[in-house]
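Worksheet: the structure to be examined is printed underneath.
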Amino acid sequence: MPSPVDIHQADAPSDEHWIEHLNDGSHVLIRPIRPEDREREAKFIRNLSPETRHFRFLGAVKEASPALLDELLQADYRHRMAFVALVHQDGELIEVGVSRYASIGDNGQCECAVTVADAWQHRGLGTALMRHLIDTARRNGFKQMYTVDSATNAHLQALAHELGFQRIRAPLDATQVIHQLDL
C-alpha cells in the first residue's frame, strides 16, 4: 500500500498553481501542499503568534510534532486537500498561509481550516485560500463544508460571513462556533 506521500505525489496536479494579487498590491503563489513543504509548514506554525496558533488548533501548540506534520502534509486531492500560499522573502521561499479540508465519513461533508501568518492578515489572503479550497471541494463532490472555531475569533467570523458560511453555536461547547457552507 502506498504511503500518504506516495499517494500525494501520484495524484498531484503537477502544474496547478495561481498567482494571487492581494488587497495591498502584494502577490503570493498558491498551490497544493507537497511533501517538500514539511519544514516550511513546521516553520510557519512555529512563527505564528500564540493567539493565531490557539485559534488554528483550539489549544496550546508551540511546535508541530512529527505526527502532526505527517497529518498536515497528507493530501490525496480528493478526500484531503491543502493549499499553501508562498512568497519569496530574503531569498527564501516561505509559507504565509494554508487552507485545508478533510472528508468526514461518507456523508458529503468536509471539515476545513485556514490560517494566515500574522504579518499577512487583513490583505485578502484568507479569502483567496478559501476560494480555491471551496472550488476544489465542489469539484470533488462535497455537499457541505464546515469549520469549528473559537467564538472569540473575530477574523474568521468575518471571513466566514464574507464567503457565505452560516454560523451556529457548537452544541457541546459554548466557547466554540460552527461555520457551515452548503456547496
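We name chains A, B, ... following the order of the C-alpha cells; residues begin at 1 in each chain, and ligands are numbered from 1 as shown.
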**OP:** With a distance cut-off of 12 Å and only C-alpha atoms, select the neighbouring residues of A:Lys62, excluding the residue or stretch itself and same-chain residues fewer than 4 positions from it, and output the selection as number ranges by chain.
**Re:** A: 42-54, 56-57, 68
DSSP on the backbone, then: every residue of chain A marked strand (DSSP E), written as a CSV table (one decimal) with N, CA and C atoms, in the first residue's frame.
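This is the output file selection-v1.csv:
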chain,number,residue,atom,x,y,z
A,18,TRP,N,-1.5,29.2,-8.7
A,18,TRP,CA,-2.1,30.5,-9.1
A,18,TRP,C,-1.3,31.6,-8.4
A,19,ILE,N,-1.2,32.7,-9.1
A,19,ILE,CA,-0.6,33.9,-8.5
A,19,ILE,C,-1.8,34.8,-8.1
A,20,GLU,N,-1.9,35.1,-6.9
A,20,GLU,CA,-3.0,35.9,-6.4
A,20,GLU,C,-2.5,37.3,-6.0
A,21,HIS,N,-3.1,38.3,-6.5
A,21,HIS,CA,-2.8,39.7,-6.1
A,21,HIS,C,-3.7,40.1,-4.9
A,27,HIS,N,1.6,40.1,-3.9
A,27,HIS,CA,1.1,38.8,-4.5
A,27,HIS,C,1.8,37.6,-3.9
A,28,VAL,N,1.1,36.5,-4.0
A,28,VAL,CA,1.5,35.2,-3.4
A,28,VAL,C,1.3,34.1,-4.5
A,29,LEU,N,2.0,33.1,-4.4
A,29,LEU,CA,1.8,31.9,-5.1
A,29,LEU,C,1.0,30.9,-4.3
A,30,ILE,N,-0.1,30.4,-4.8
A,30,ILE,CA,-0.9,29.4,-4.1
A,30,ILE,C,-0.9,28.2,-4.9
A,31,ARG,N,-0.6,27.1,-4.2
A,31,ARG,CA,-0.5,25.8,-4.9
A,31,ARG,C,-0.8,24.7,-3.9
A,32,PRO,N,-1.1,23.5,-4.4
A,32,PRO,CA,-1.3,22.4,-3.4
A,32,PRO,C,0.0,22.1,-2.6
A,80,ARG,N,-8.7,14.6,1.1
A,80,ARG,CA,-7.9,15.5,1.9
A,80,ARG,C,-7.2,16.5,1.0
A,81,MET,N,-7.3,17.7,1.2
A,81,MET,CA,-6.7,18.7,0.3
A,81,MET,C,-6.1,19.8,1.2
A,82,ALA,N,-5.0,20.4,0.7
A,82,ALA,CA,-4.4,21.6,1.4
A,82,ALA,C,-3.7,22.4,0.3
A,83,PHE,N,-3.9,23.7,0.4
A,83,PHE,CA,-3.2,24.7,-0.4
A,83,PHE,C,-2.3,25.6,0.5
A,84,VAL,N,-1.1,25.9,0.0
A,84,VAL,CA,-0.2,26.8,0.7
A,84,VAL,C,-0.1,28.0,-0.1
A,85,ALA,N,0.1,29.1,0.6
A,85,ALA,CA,0.5,30.4,0.0
A,85,ALA,C,1.9,30.7,0.3
A,86,LEU,N,2.7,31.0,-0.8
A,86,LEU,CA,4.1,31.1,-0.6
A,86,LEU,C,4.6,32.5,-1.2
A,87,VAL,N,5.7,33.0,-0.6
A,87,VAL,CA,6.3,34.2,-1.0
A,87,VAL,C,7.8,34.1,-0.9
A,88,HIS,N,8.5,34.9,-1.7
A,88,HIS,CA,10.0,34.9,-1.6
A,88,HIS,C,10.3,36.0,-0.6
A,89,GLN,N,11.1,35.7,0.4
A,89,GLN,CA,11.5,36.7,1.4
A,89,GLN,C,12.9,36.5,1.8
A,92,GLU,N,14.4,33.4,0.3
A,92,GLU,CA,13.9,32.1,0.8
A,92,GLU,C,12.4,32.1,0.5
A,93,LEU,N,11.9,30.9,0.0
A,93,LEU,CA,10.5,30.7,-0.2
A,93,LEU,C,9.9,30.3,1.1
A,94,ILE,N,8.9,31.1,1.6
A,94,ILE,CA,8.3,30.9,2.9
A,94,ILE,C,6.8,30.8,2.7
A,95,GLU,N,6.2,30.0,3.6
A,95,GLU,CA,4.8,29.8,3.7
A,95,GLU,C,4.2,31.0,4.5
A,96,VAL,N,3.1,31.6,4.0
A,96,VAL,CA,2.4,32.7,4.7
A,96,VAL,C,1.0,32.4,4.9
A,97,GLY,N,0.5,31.2,4.4
A,97,GLY,CA,-0.9,30.8,4.7
A,97,GLY,C,-1.1,29.4,4.2
A,98,VAL,N,-2.2,28.8,4.7
A,98,VAL,CA,-2.6,27.5,4.3
A,98,VAL,C,-4.1,27.3,4.5
A,99,SER,N,-4.7,26.6,3.6
A,99,SER,CA,-6.1,26.2,3.8
A,99,SER,C,-6.2,24.7,3.6
A,100,ARG,N,-7.1,24.0,4.2
A,100,ARG,CA,-7.2,22.6,4.1
A,100,ARG,C,-8.6,22.1,4.4
A,101,TYR,N,-8.9,20.9,3.8
A,101,TYR,CA,-10.1,20.2,4.2
A,101,TYR,C,-9.8,18.8,4.3
A,102,ALA,N,-10.7,18.1,5.1
A,102,ALA,CA,-10.6,16.6,5.2
A,102,ALA,C,-12.1,16.1,5.2
A,103,SER,N,-12.3,15.0,4.5
A,103,SER,CA,-13.6,14.4,4.4
A,103,SER,C,-14.0,13.9,5.7
A,104,ILE,N,-15.3,14.0,6.1
A,104,ILE,CA,-15.8,13.5,7.3
A,104,ILE,C,-16.8,12.4,6.9
A,109,GLN,N,-19.6,15.6,3.6
A,109,GLN,CA,-19.2,16.8,4.4
A,109,GLN,C,-17.6,16.8,4.5
A,110,CYS,N,-17.1,17.9,4.6
A,110,CYS,CA,-15.6,18.0,4.9
A,110,CYS,C,-15.4,19.2,5.9
A,111,GLU,N,-14.5,18.9,6.7
A,111,GLU,CA,-14.1,20.0,7.7
A,111,GLU,C,-13.0,20.8,7.1
A,112,CYS,N,-13.0,22.1,7.3
A,112,CYS,CA,-11.9,22.9,6.8
A,112,CYS,C,-11.3,23.8,7.8
A,113,ALA,N,-10.1,24.3,7.4
A,113,ALA,CA,-9.4,25.3,8.3
A,113,ALA,C,-8.6,26.2,7.4
A,114,VAL,N,-8.4,27.4,7.8
A,114,VAL,CA,-7.5,28.3,7.1
A,114,VAL,C,-6.7,29.1,8.2
A,115,THR,N,-5.4,29.3,7.9
A,115,THR,CA,-4.5,30.0,8.8
A,115,THR,C,-3.6,30.9,7.9
A,116,VAL,N,-3.5,32.1,8.4
A,116,VAL,CA,-2.7,33.1,7.7
A,116,VAL,C,-1.7,33.7,8.7
A,144,GLN,N,-21.2,19.9,1.7
A,144,GLN,CA,-21.2,20.8,2.7
A,144,GLN,C,-19.7,20.9,3.3
A,145,MET,N,-19.3,22.1,3.6
A,145,MET,CA,-18.0,22.3,4.3
A,145,MET,C,-18.3,23.0,5.6
A,146,TYR,N,-17.6,22.6,6.6
A,146,TYR,CA,-17.7,23.3,7.9
A,146,TYR,C,-16.4,23.5,8.6
A,147,THR,N,-16.4,24.4,9.6
A,147,THR,CA,-15.2,24.6,10.5
A,147,THR,C,-15.7,24.8,11.9
A,148,VAL,N,-15.0,24.3,12.8
A,148,VAL,CA,-15.3,24.5,14.2
A,148,VAL,C,-14.2,25.5,14.8
A,149,ASP,N,-14.7,26.6,15.3
A,149,ASP,CA,-13.8,27.7,15.7
A,149,ASP,C,-14.1,28.3,17.1
A,150,SER,N,-13.1,29.0,17.6
A,150,SER,CA,-13.3,29.7,18.8
A,150,SER,C,-14.3,30.8,18.6
A,166,GLN,N,-22.8,29.9,7.2
A,166,GLN,CA,-23.8,30.2,8.2
A,166,GLN,C,-23.1,29.8,9.6
A,167,ARG,N,-23.4,30.6,10.6
A,167,ARG,CA,-22.8,30.4,11.9
A,167,ARG,C,-23.9,29.8,12.8
A,168,ILE,N,-23.4,28.8,13.6
A,168,ILE,CA,-24.3,28.2,14.6
A,168,ILE,C,-23.4,27.9,15.8
A,169,ARG,N,-24.0,27.9,17.0
A,169,ARG,CA,-23.3,27.6,18.2
A,169,ARG,C,-23.0,26.1,18.3
A,176,GLN,N,-17.2,27.6,21.5
A,176,GLN,CA,-16.9,27.4,20.1
A,176,GLN,C,-18.1,27.7,19.2
A,177,VAL,N,-17.9,27.9,17.9
A,177,VAL,CA,-19.0,28.1,17.0
A,177,VAL,C,-18.6,27.2,15.8
A,178,ILE,N,-19.7,26.9,15.0
A,178,ILE,CA,-19.5,26.1,13.8
A,178,ILE,C,-20.0,27.0,12.6
A,179,HIS,N,-19.1,27.1,11.6
A,179,HIS,CA,-19.5,27.8,10.4
A,179,HIS,C,-19.7,26.7,9.3
A,180,GLN,N,-20.8,26.8,8.6
A,180,GLN,CA,-21.0,25.7,7.6
A,180,GLN,C,-21.5,26.4,6.3
A,181,LEU,N,-21.1,25.8,5.2
A,181,LEU,CA,-21.4,26.3,3.9
A,181,LEU,C,-21.9,25.2,3.0
A,182,ASP,N,-23.1,25.3,2.5
A,182,ASP,CA,-23.6,24.4,1.5
A,182,ASP,C,-22.9,24.6,0.2
Original post:
For the atom pair atom CA of A:Arg138 and atom CA of A:Gly126, what is the interatomic distance in Å to one decimal place?
Top reply: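 So the answer is 18.2 Å.
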Subject >> atom CA of A:Asp24 to atom CA of A:Arg131, distance in Å rounded to a single decimal >> reply: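 Computing it gives 18.3 Å between the two atoms.
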Original post:
Which is closer to A:Arg78 than all the others in A:Ala151, A:Ala137, A:Leu172, A:Leu163, using only C-alpha atoms?
Top reply: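 Smallest distance to A:Arg78 is found for A:Ala137.
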**OP:** as a VMD selection string, list the residues of stretch 4-182 of chain A assigned to alpha helix (DSSP H) by DSSP on the backbone atoms of this structure.
**Re:** chain A and resid 4 to 11 38 to 47 50 to 57 66 to 73 125 to 139 154 to 162
**OP:** Name the residues in contact with A:Asn23 at a cut-off of 10 Å, using only C-alpha atoms, excluding same-chain residues fewer than 3 positions from it; report them as a list in words.
**Re:** Glu20, Ser26, His27, His122, Arg123, Gly124 and Leu125 of chain A
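Counting from atom CA of A:Ala75, the distance to atom CA of A:Asn140 is 13.1 Å.
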Original post:
Between A:Pro35, A:Ala160, A:Asp70, A:Glu41, which one has atoms that come closest to A:Ala117, using only C-alpha atoms?
Top reply: A:Glu41
**OP:** Would you mind telling me which residue in A:Asp118, A:Phe55, A:Thr127, A:Glu16 lies nearest to A:Thr152 when using only C-alpha atoms?
**Re:**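 Closest to A:Thr152, using only C-alpha atoms: A:Phe55.
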